[in-house]
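Text of the file my_file-v8.txt, holding compact mmCIF, C-alpha atoms:
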# COMPACT_ATOMS: atom_id res chain seq x y z
CA MET A 1 -10.62 -5.33 11.56
CA PRO A 2 -8.73 -2.50 9.82
CA ARG A 3 -8.73 0.70 11.81
CA GLU A 4 -10.55 3.55 10.14
CA LEU A 5 -8.38 6.57 9.47
CA GLU A 6 -9.26 9.70 11.40
CA PRO A 7 -10.13 12.81 9.37
CA PRO A 8 -7.22 15.20 8.77
CA LYS A 9 -6.93 18.10 11.24
CA SER A 10 -7.64 20.63 8.50
CA GLN A 11 -10.84 18.84 7.52
CA ARG A 12 -11.87 18.53 11.15
CA ALA A 13 -11.31 22.23 11.76
CA PHE A 14 -13.24 23.14 8.60
CA VAL A 15 -16.28 20.99 9.47
CA LEU A 16 -16.45 22.18 13.09
CA ALA A 17 -16.08 25.82 12.03
CA SER A 18 -18.89 25.35 9.50
CA LEU A 19 -21.14 23.80 12.13
CA GLU A 20 -20.61 26.82 14.40
CA LYS A 21 -22.02 28.92 11.58
CA GLY A 22 -24.96 26.58 11.06
CA LEU A 23 -23.58 25.01 7.86
CA ARG A 24 -22.97 21.37 6.96
CA SER A 25 -20.65 19.93 4.34
CA ASP A 26 -23.52 18.36 2.37
CA GLY A 27 -25.53 21.60 2.28
CA ARG A 28 -28.21 20.59 4.80
CA GLY A 29 -29.32 22.64 7.77
CA LEU A 30 -28.32 21.47 11.25
CA LEU A 31 -31.72 19.90 11.89
CA GLN A 32 -32.45 18.88 8.30
CA PRO A 33 -32.44 15.10 7.79
CA ARG A 34 -31.80 13.28 4.54
CA GLU A 35 -35.05 12.26 2.90
CA PRO A 36 -35.36 8.47 2.84
CA THR A 37 -36.37 6.34 -0.12
CA LEU A 38 -38.02 2.92 -0.04
CA VAL A 39 -37.82 0.26 -2.75
CA PHE A 40 -39.94 -2.86 -2.29
CA GLY A 41 -38.85 -6.23 -3.63
CA GLU A 42 -41.00 -8.74 -5.43
CA GLU A 43 -41.40 -10.83 -2.27
CA LEU A 44 -43.42 -9.45 0.61
CA GLY A 45 -41.13 -8.39 3.45
CA SER A 46 -38.21 -7.31 1.25
CA VAL A 47 -37.41 -3.58 1.48
CA GLU A 48 -34.37 -1.50 0.57
CA CYS A 49 -34.07 1.83 2.40
CA THR A 50 -31.65 4.65 1.65
CA PHE A 51 -30.63 7.74 3.60
CA GLY A 52 -28.60 9.64 1.03
CA LYS A 53 -25.82 7.18 0.17
CA THR A 54 -26.48 4.97 3.21
CA ARG A 55 -28.31 1.83 2.07
CA VAL A 56 -29.80 -1.04 4.05
CA LEU A 57 -31.71 -4.05 2.74
CA ALA A 58 -34.22 -5.66 5.11
CA ASP A 59 -35.76 -9.08 4.57
CA VAL A 60 -38.39 -10.85 6.70
CA SER A 61 -39.06 -14.59 6.64
CA ALA A 62 -41.24 -16.94 8.69
CA SER A 63 -41.03 -20.58 9.71
CA ILE A 64 -42.85 -22.83 12.16
CA VAL A 65 -40.83 -23.96 15.18
CA ARG A 66 -41.32 -25.25 18.71
CA PRO A 67 -41.74 -22.42 21.27
CA ARG A 68 -39.47 -21.79 24.21
CA SER A 69 -40.40 -23.87 27.24
CA ASP A 70 -40.75 -20.79 29.46
CA ARG A 71 -42.99 -18.99 26.91
CA PRO A 72 -45.23 -21.66 25.36
CA TYR A 73 -47.83 -19.14 24.14
CA GLU A 74 -45.45 -16.76 22.34
CA GLY A 75 -43.87 -16.79 18.92
CA ILE A 76 -40.22 -15.93 18.34
CA LEU A 77 -38.63 -12.87 16.76
CA THR A 78 -34.92 -12.82 15.91
CA ILE A 79 -32.85 -10.03 14.36
CA HIS A 80 -29.72 -10.71 12.35
CA SER A 81 -27.53 -7.98 10.89
CA GLU A 82 -24.54 -8.16 8.59
CA ILE A 83 -22.17 -5.34 7.65
CA SER A 84 -20.07 -6.62 4.78
CA PRO A 85 -17.04 -5.00 3.08
CA MET A 86 -19.54 -3.78 0.48
CA ALA A 87 -20.65 -1.12 2.96
CA SER A 88 -17.10 0.11 3.65
CA SER A 89 -13.57 -1.20 3.39
CA VAL A 90 -13.16 -1.00 7.20
CA TYR A 91 -15.54 -3.95 7.68
CA GLU A 92 -14.48 -7.58 7.34
CA ALA A 93 -16.62 -10.44 6.07
CA GLY A 94 -17.56 -12.98 8.71
CA ARG A 95 -16.35 -10.84 11.61
CA ALA A 96 -18.73 -8.65 13.56
CA SER A 97 -17.51 -5.09 14.07
CA GLU A 98 -18.20 -2.98 17.15
CA GLU A 99 -20.66 -0.87 15.18
CA GLU A 100 -22.51 -3.96 13.95
CA VAL A 101 -22.82 -5.27 17.50
CA SER A 102 -24.06 -1.90 18.83
CA ILE A 103 -26.61 -1.54 16.02
CA THR A 104 -27.93 -5.06 16.58
CA ARG A 105 -28.25 -4.47 20.33
CA MET A 106 -30.07 -1.19 19.75
CA LEU A 107 -32.48 -2.81 17.29
CA GLU A 108 -33.09 -5.61 19.77
CA LYS A 109 -34.18 -2.98 22.30
CA VAL A 110 -36.27 -1.03 19.82
CA VAL A 111 -38.03 -3.92 18.07
CA LYS A 112 -38.05 -6.79 20.58
CA ARG A 113 -37.90 -5.39 24.12
CA SER A 114 -40.36 -2.58 23.43
CA GLY A 115 -42.96 -5.18 22.40
CA THR A 116 -43.39 -4.07 18.80
CA LEU A 117 -44.75 -7.42 17.62
CA ASP A 118 -47.67 -9.16 19.28
CA ARG A 119 -45.84 -12.43 19.86
CA GLU A 120 -48.88 -14.15 21.34
CA ALA A 121 -50.58 -13.71 17.95
CA LEU A 122 -47.79 -15.85 16.48
CA CYS A 123 -48.86 -18.89 18.51
CA ILE A 124 -50.37 -21.77 16.50
CA LEU A 125 -50.52 -24.59 19.05
CA ALA A 126 -49.57 -23.67 22.61
CA GLY A 127 -46.38 -25.40 23.64
CA GLN A 128 -46.03 -27.14 20.27
CA LYS A 129 -45.92 -24.85 17.26
CA VAL A 130 -45.41 -21.10 16.85
CA TRP A 131 -44.24 -18.77 14.11
CA HIS A 132 -40.57 -17.80 14.09
CA ILE A 133 -40.17 -14.38 12.45
CA LYS A 134 -36.63 -13.59 11.30
CA LEU A 135 -35.60 -10.05 10.37
CA THR A 136 -32.32 -9.94 8.42
CA LEU A 137 -30.56 -6.63 7.73
CA HIS A 138 -27.87 -6.29 5.06
CA PHE A 139 -25.87 -3.06 5.20
CA LEU A 140 -24.93 -2.18 1.64
CA SER A 141 -23.37 1.27 2.03
CA ASP A 142 -22.23 3.31 5.03
CA GLU A 143 -22.44 7.05 4.70
CA GLY A 144 -23.50 7.68 8.28
CA ASN A 145 -26.46 6.96 10.55
CA MET A 146 -26.90 3.31 9.61
CA LEU A 147 -29.00 2.75 12.74
CA ASP A 148 -31.86 5.04 11.69
CA CYS A 149 -31.78 3.63 8.17
CA ALA A 150 -31.79 0.04 9.46
CA CYS A 151 -34.65 0.74 11.86
CA LEU A 152 -36.77 2.31 9.13
CA ALA A 153 -36.01 -0.57 6.75
CA GLY A 154 -36.77 -3.17 9.42
CA MET A 155 -40.05 -1.66 10.58
CA THR A 156 -41.21 -1.20 6.98
CA ALA A 157 -40.30 -4.80 6.14
CA LEU A 158 -42.25 -6.11 9.13
CA ARG A 159 -45.31 -4.12 8.07
CA HIS A 160 -44.87 -5.20 4.45
CA PHE A 161 -44.54 -8.91 5.27
CA ARG A 162 -47.46 -11.36 5.15
CA ARG A 163 -47.35 -14.79 6.78
CA PRO A 164 -49.34 -17.75 5.41
CA GLU A 165 -52.76 -18.46 6.85
CA VAL A 166 -52.88 -21.62 8.98
CA GLU A 167 -55.76 -23.87 9.98
CA VAL A 168 -55.66 -26.08 13.08
CA ILE A 169 -57.73 -29.28 13.10
CA GLY A 170 -57.04 -31.13 16.33
CA ASP A 171 -53.27 -31.49 16.47
CA GLU A 172 -52.89 -31.10 12.71
CA VAL A 173 -51.71 -27.79 11.29
CA ILE A 174 -52.57 -26.99 7.67
CA ILE A 175 -50.58 -24.20 6.01
CA HIS A 176 -52.51 -22.57 3.18
CA SER A 177 -50.67 -21.15 0.19
CA PRO A 178 -51.30 -17.53 -0.88
CA GLU A 179 -53.34 -18.89 -3.82
CA GLU A 180 -55.74 -20.64 -1.41
CA ARG A 181 -56.09 -18.03 1.30
CA ALA A 182 -54.84 -14.47 1.58
CA PRO A 183 -51.71 -14.23 3.77
CA MET A 184 -52.01 -12.32 7.03
CA VAL A 185 -50.24 -9.20 8.29
CA LEU A 186 -48.19 -9.35 11.47
CA ALA A 187 -50.04 -8.00 14.51
CA MET A 188 -48.11 -5.06 15.94
CA HIS A 189 -48.61 -3.15 19.19
CA HIS A 190 -46.82 -0.01 18.02
CA ILE A 191 -44.35 1.19 15.38
CA PRO A 192 -41.14 2.81 16.70
CA PHE A 193 -38.55 4.66 14.64
CA CYS A 194 -35.01 5.74 15.54
CA VAL A 195 -33.82 9.35 15.39
CA THR A 196 -30.13 10.15 15.94
CA PHE A 197 -28.47 13.41 17.00
CA ALA A 198 -24.75 14.23 17.13
CA PHE A 199 -23.21 16.67 19.65
CA PHE A 200 -19.77 18.29 19.42
CA GLU A 201 -17.24 19.49 22.01
CA ASP A 202 -17.29 23.10 20.83
CA GLY A 203 -20.83 23.49 22.13
CA SER A 204 -22.43 24.09 18.73
CA ALA A 205 -26.02 23.05 18.16
CA PRO A 206 -26.63 19.32 17.61
CA VAL A 207 -27.11 17.94 14.12
CA LEU A 208 -29.91 15.62 13.10
CA ASP A 209 -29.14 12.53 10.99
CA PRO A 210 -25.32 12.88 11.08
CA SER A 211 -23.23 11.88 8.08
CA HIS A 212 -20.31 9.47 8.39
CA LEU A 213 -17.81 12.33 8.76
CA GLU A 214 -19.96 14.11 11.34
CA SER A 215 -20.29 10.86 13.32
CA GLN A 216 -16.49 10.56 13.37
CA LEU A 217 -16.08 14.09 14.70
CA ALA A 218 -18.95 13.98 17.19
CA SER A 219 -18.19 13.73 20.90
CA THR A 220 -21.60 12.26 21.77
CA THR A 221 -24.48 10.72 19.89
CA LEU A 222 -28.02 10.53 21.20
CA HIS A 223 -30.33 7.82 19.84
CA LEU A 224 -34.06 8.22 20.44
CA ALA A 225 -36.58 5.52 19.54
CA MET A 226 -40.16 6.81 19.58
CA ASN A 227 -43.52 5.86 18.16
CA PRO A 228 -46.18 8.15 16.61
CA GLN A 229 -48.00 8.18 19.98
CA LYS A 230 -45.09 10.25 21.39
CA GLU A 231 -43.89 7.41 23.61
CA ILE A 232 -40.14 7.09 24.16
CA CYS A 233 -39.23 3.43 23.66
CA VAL A 234 -35.45 3.70 23.96
CA LEU A 235 -33.07 6.55 24.84
CA HIS A 236 -29.39 5.75 24.39
CA LYS A 237 -26.47 8.14 24.80
CA ALA A 238 -23.02 7.19 23.54
CA GLY A 239 -20.04 9.41 24.39
CA GLY A 240 -18.78 11.37 27.36
CA LEU A 241 -20.06 14.86 26.58
CA PRO A 242 -22.62 15.80 29.28
CA LEU A 243 -26.08 16.81 28.10
CA THR A 244 -28.55 18.96 29.99
CA VAL A 245 -32.22 18.15 30.47
CA GLU A 246 -33.01 21.00 28.10
CA ASP A 247 -30.77 19.47 25.41
CA ILE A 248 -32.54 16.13 25.67
CA MET A 249 -36.05 17.62 25.75
CA ASN A 250 -35.30 19.70 22.64
CA CYS A 251 -34.18 16.53 20.87
CA VAL A 252 -37.35 14.75 21.98
CA LYS A 253 -39.52 17.52 20.48
CA ILE A 254 -37.66 17.34 17.18
CA ALA A 255 -37.80 13.53 17.16
CA THR A 256 -41.56 13.60 17.75
CA ASP A 257 -42.17 15.51 14.51
CA ARG A 258 -39.64 13.37 12.66
CA VAL A 259 -41.30 10.12 13.73
CA LYS A 260 -44.75 11.34 12.69
CA HIS A 261 -43.36 12.20 9.26
CA LEU A 262 -41.66 8.80 8.91
CA ASN A 263 -44.82 6.94 9.92
CA SER A 264 -46.89 8.80 7.31
CA PHE A 265 -44.12 8.30 4.73
CA VAL A 266 -44.04 4.52 5.31
CA SER A 267 -47.84 4.17 5.33
CA GLU A 268 -48.17 5.99 2.00
CA HIS A 269 -45.50 3.86 0.34
CA LEU A 270 -46.99 0.62 1.70
CA GLU A 271 -50.42 1.58 0.39
CA THR A 272 -49.01 2.44 -3.03
CA ASP A 273 -47.08 -0.82 -3.23
CA TRP A 274 -50.06 -2.92 -2.15
CA LYS A 275 -52.32 -1.32 -4.79
CA GLY A 276 -49.81 -2.33 -7.46
CA ARG A 277 -49.81 -6.00 -6.45
CA ILE A 278 -52.22 -8.57 -7.87
CA VAL A 279 -53.57 -11.01 -5.30
CA GLU A 280 -55.60 -13.96 -6.57
CA ILE A 281 -57.51 -16.20 -4.21
CA ARG A 282 -58.69 -19.47 -5.72

Target format structure tokens, applied to this file:
Amino acid sequence: MPRELEPPKSQRAFVLASLEKGLRSDGRGLLQPREPTLVFGEELGSVECTFGKTRVLADVSASIVRPRSDRPYEGILTIHSEISPMASSVYEAGRASEEEVSITRMLEKVVKRSGTLDREALCILAGQKVWHIKLTLHFLSDEGNMLDCACLAGMTALRHFRRPEVEVIGDEVIIHSPEERAPMVLAMHHIPFCVTFAFFEDGSAPVLDPSHLESQLASTTLHLAMNPQKEICVLHKAGGLPLTVEDIMNCVKIATDRVKHLNSFVSEHLETDWKGRIVEIR
């Protein structure tokens, strides 16, 4: 993988000096995030999310498979991410970068280990057939904070997706097409979102939703995954700069408001998209 060039010393000094004065190179305030946009595809479960120039495409699909022997009553959720050279020239096709691995691991914690999906609701026949839900994330452009963008895209896609209705008669499973029976939403226990902060060595205030340049210059990043019920699902700190309890609690308070806003934002867009779709049941 080509090594990404470090910012010039003059640019580094300029950005850090601006942050000390409460200014950012893109004109935002220190705690002002980029407003996201959501574009829904024709197929249910296809969503493109943007944070400024950062773009991520999420796609959800479902298939029927045999369950794991140790969990015969639970469906399966897998997450696959791909950062191609389209996102940035520092990424190589077919070779996972460190950032891709870290993002995938974080999403695994946020979406899978926190119990977002009700996997028991994905069971069709215990020990024989369950739904396998696959969430695929394509990173189209990297202008910083791909994790938050990917998490928002993924959670929106899971809420947007509808799986076919199934009918079980004895050991026979009948899959009904959307024309026969309305497809069903995925049962979810809660809806977490990621919020990222960047801290710098000079002791200036942290920045919310860091850009690519700010992420390069940051000494520590703090990733918080929370749901609208104010529950912390994941807290991950990357970097060696020590943070006080007060620093973390301040970030939690800011993330709480941010997550509430994102949840309302997603719900409004899902409702608008659903109203514009024509569903015919024969």

Return as a tab-separated table the residues of segment 160-257 of chain A lying at most 10 Å from segment 58-62 of chain A, together with the closest atom-to-atom pair for each and the distance in Å to one decimal, counting only C-alpha atoms, with rows in chain order and ascending residue number.
residue	atom	partner	partner_atom	distance
A:His160	CA	A:Val60	CA	8.9
A:Phe161	CA	A:Val60	CA	6.6
A:Arg162	CA	A:Ala62	CA	9.1
A:Arg163	CA	A:Ala62	CA	6.8
A:Pro164	CA	A:Ala62	CA	8.8

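Using all atoms listed in the file, the smallest distance between any of A:Glu179, A:Glu165, A:Glu172, A:Glu214 and Arg12 of chain A comes from A:Glu214.
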
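Interatomic distance, atom CA of His236 of chain A to atom CA of Thr50 of chain A: 22.9 Å.
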
With only C-alpha atoms counted, which protein, DNA or RNA residues have an atom no more than 7 Å from (-19.5, -2.2, 1.8) in the file frame? Please answer as a count of residues only. 9

Tell me which protein, DNA and RNA residues are within 10 Å of segment 19-26 of chain A, counting all atoms listed in the file, leaving out same-chain ones fewer than 4 positions away, and put them as a PDB file with C-alpha atoms, in the coordinates of the input.
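What ended up in part03.pdb:
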ATOM      1  CA  ALA A  13     -11.310  22.230  11.760  1.00  0.00           C
ATOM      2  CA  PHE A  14     -13.240  23.140   8.600  1.00  0.00           C
ATOM      3  CA  VAL A  15     -16.280  20.990   9.470  1.00  0.00           C
ATOM      4  CA  LEU A  30     -28.320  21.470  11.250  1.00  0.00           C
ATOM      5  CA  LEU A  31     -31.720  19.900  11.890  1.00  0.00           C
ATOM      6  CA  GLN A  32     -32.450  18.880   8.300  1.00  0.00           C
ATOM      7  CA  ARG A  34     -31.800  13.280   4.540  1.00  0.00           C
ATOM      8  CA  PHE A 200     -19.770  18.290  19.420  1.00  0.00           C
ATOM      9  CA  ASP A 202     -17.290  23.100  20.830  1.00  0.00           C
ATOM     10  CA  GLY A 203     -20.830  23.490  22.130  1.00  0.00           C
ATOM     11  CA  SER A 204     -22.430  24.090  18.730  1.00  0.00           C
ATOM     12  CA  ALA A 205     -26.020  23.050  18.160  1.00  0.00           C
ATOM     13  CA  PRO A 206     -26.630  19.320  17.610  1.00  0.00           C
ATOM     14  CA  VAL A 207     -27.110  17.940  14.120  1.00  0.00           C
ATOM     15  CA  PRO A 210     -25.320  12.880  11.080  1.00  0.00           C
ATOM     16  CA  SER A 211     -23.230  11.880   8.080  1.00  0.00           C
ATOM     17  CA  LEU A 213     -17.810  12.330   8.760  1.00  0.00           C
ATOM     18  CA  GLU A 214     -19.960  14.110  11.340  1.00  0.00           C
TER      19      GLU A 214
END

For Asp171 of chain A, work out the shell of residues within 10 Å, counting only C-alpha atoms and skipping chain neighbours fewer than 4 positions away, then give it as a PyMOL selection string. chain A and resi 125+128-129

Output the selection as a CSV table (one decimal), in the frame of the given file - C-alpha atoms for each residue.
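Final output, part_29.csv:
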chain,number,residue,atom,x,y,z
A,125,LEU,CA,-50.5,-24.6,19.0
A,128,GLN,CA,-46.0,-27.1,20.3
A,129,LYS,CA,-45.9,-24.8,17.3

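Among A:Glu143, A:Glu100, A:Glu48, A:Glu6, the residue with the shortest atom-to-atom distance to Asp209 of chain A, counting only C-alpha atoms, is A:Glu143.
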
Give the answer as one residue: which of A:Met106, A:Gly75, A:Leu135, A:Pro192 has the shortest atom-to-atom distance to Asp118 of chain A, using only C-alpha atoms? A:Gly75

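Across A:Gly240, A:Ile133, A:Gln229, A:Ile174, the tightest approach to Ala187 of chain A is made by A:Ile133 when counting all atoms listed in the file.
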
Please compute the atom CA of Val259 of chain A-atom CA of Val56 of chain A distance, one decimal, in Å. 18.7 Å

Using only C-alpha atoms: which of A:Ala225, A:Ala218, A:Val185, A:Val166 has the shortest distance to Val111 of chain A: A:Ala225

Kindly give the distance, in Å, that separates atom CA of Phe199 of chain A and atom CA of Thr54 of chain A, rounded to a single decimal. 20.4 Å

Completed segment 133-144 of chain A (all heavy atoms) as a compact mmCIF listing (two decimals), keeping the file's coordinate frame:
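After the write, out.txt holds the following:
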# COMPACT_ATOMS: atom_id res chain seq x y z
N ILE A 133 -40.37 -15.48 13.39
CA ILE A 133 -40.17 -14.38 12.45
C ILE A 133 -38.70 -13.96 12.50
O ILE A 133 -38.19 -13.63 13.58
CB ILE A 133 -41.08 -13.17 12.79
CG1 ILE A 133 -42.55 -13.62 12.84
CG2 ILE A 133 -40.89 -12.07 11.76
CD1 ILE A 133 -43.08 -14.19 11.56
N LYS A 134 -38.04 -13.95 11.37
CA LYS A 134 -36.63 -13.59 11.30
C LYS A 134 -36.46 -12.34 10.45
O LYS A 134 -36.85 -12.30 9.29
CB LYS A 134 -35.80 -14.73 10.71
CG LYS A 134 -34.31 -14.44 10.66
CD LYS A 134 -33.53 -15.62 10.10
CE LYS A 134 -32.02 -15.31 10.07
NZ LYS A 134 -31.25 -16.45 9.49
N LEU A 135 -35.89 -11.30 11.06
CA LEU A 135 -35.60 -10.05 10.37
C LEU A 135 -34.10 -9.99 10.10
O LEU A 135 -33.29 -9.98 11.03
CB LEU A 135 -36.04 -8.85 11.22
CG LEU A 135 -35.62 -7.46 10.73
CD1 LEU A 135 -36.19 -7.17 9.36
CD2 LEU A 135 -36.03 -6.39 11.73
N THR A 136 -33.73 -9.97 8.83
CA THR A 136 -32.32 -9.94 8.42
C THR A 136 -32.02 -8.59 7.78
O THR A 136 -32.75 -8.14 6.89
CB THR A 136 -32.00 -11.06 7.42
OG1 THR A 136 -32.37 -12.31 8.00
CG2 THR A 136 -30.51 -11.09 7.10
N LEU A 137 -30.95 -7.95 8.23
CA LEU A 137 -30.56 -6.63 7.73
C LEU A 137 -29.20 -6.73 7.07
O LEU A 137 -28.23 -7.18 7.68
CB LEU A 137 -30.52 -5.61 8.87
CG LEU A 137 -31.86 -5.37 9.58
CD1 LEU A 137 -31.64 -4.66 10.89
CD2 LEU A 137 -32.79 -4.55 8.69
N HIS A 138 -29.12 -6.32 5.81
CA HIS A 138 -27.87 -6.29 5.06
C HIS A 138 -27.49 -4.83 4.84
O HIS A 138 -28.23 -4.08 4.19
CB HIS A 138 -28.02 -7.00 3.71
CG HIS A 138 -28.46 -8.43 3.81
ND1 HIS A 138 -27.58 -9.46 4.07
CD2 HIS A 138 -29.70 -9.00 3.71
CE1 HIS A 138 -28.25 -10.60 4.11
NE2 HIS A 138 -29.53 -10.35 3.90
N PHE A 139 -26.34 -4.43 5.35
CA PHE A 139 -25.87 -3.06 5.20
C PHE A 139 -25.04 -2.97 3.93
O PHE A 139 -23.96 -3.56 3.84
CB PHE A 139 -25.06 -2.64 6.43
CG PHE A 139 -25.86 -2.62 7.70
CD1 PHE A 139 -26.06 -3.78 8.44
CD2 PHE A 139 -26.44 -1.44 8.14
CE1 PHE A 139 -26.81 -3.77 9.60
CE2 PHE A 139 -27.19 -1.42 9.31
CZ PHE A 139 -27.38 -2.58 10.03
N LEU A 140 -25.54 -2.22 2.96
CA LEU A 140 -24.93 -2.18 1.64
C LEU A 140 -23.99 -1.01 1.46
O LEU A 140 -23.05 -1.08 0.67
CB LEU A 140 -26.02 -2.14 0.56
CG LEU A 140 -27.09 -3.24 0.65
CD1 LEU A 140 -28.13 -3.05 -0.44
CD2 LEU A 140 -26.45 -4.61 0.55
N SER A 141 -24.23 0.09 2.16
CA SER A 141 -23.37 1.27 2.03
C SER A 141 -23.45 2.09 3.30
O SER A 141 -24.55 2.31 3.84
CB SER A 141 -23.81 2.11 0.83
OG SER A 141 -23.01 3.27 0.69
N ASP A 142 -22.30 2.54 3.79
CA ASP A 142 -22.23 3.31 5.03
C ASP A 142 -21.78 4.73 4.74
O ASP A 142 -20.63 4.99 4.46
CB ASP A 142 -21.25 2.63 6.00
CG ASP A 142 -21.11 3.41 7.31
OD1 ASP A 142 -21.94 4.31 7.55
OD2 ASP A 142 -20.16 3.12 8.07
N GLU A 143 -22.75 5.63 4.80
CA GLU A 143 -22.44 7.05 4.70
C GLU A 143 -23.02 7.78 5.90
O GLU A 143 -23.42 8.93 5.82
CB GLU A 143 -22.97 7.61 3.38
CG GLU A 143 -22.52 9.03 3.04
CD GLU A 143 -21.01 9.24 3.17
OE1 GLU A 143 -20.25 8.37 2.72
OE2 GLU A 143 -20.61 10.28 3.72
N GLY A 144 -23.05 7.06 7.04
CA GLY A 144 -23.50 7.68 8.28
C GLY A 144 -24.92 7.31 8.66
O GLY A 144 -25.78 7.10 7.80
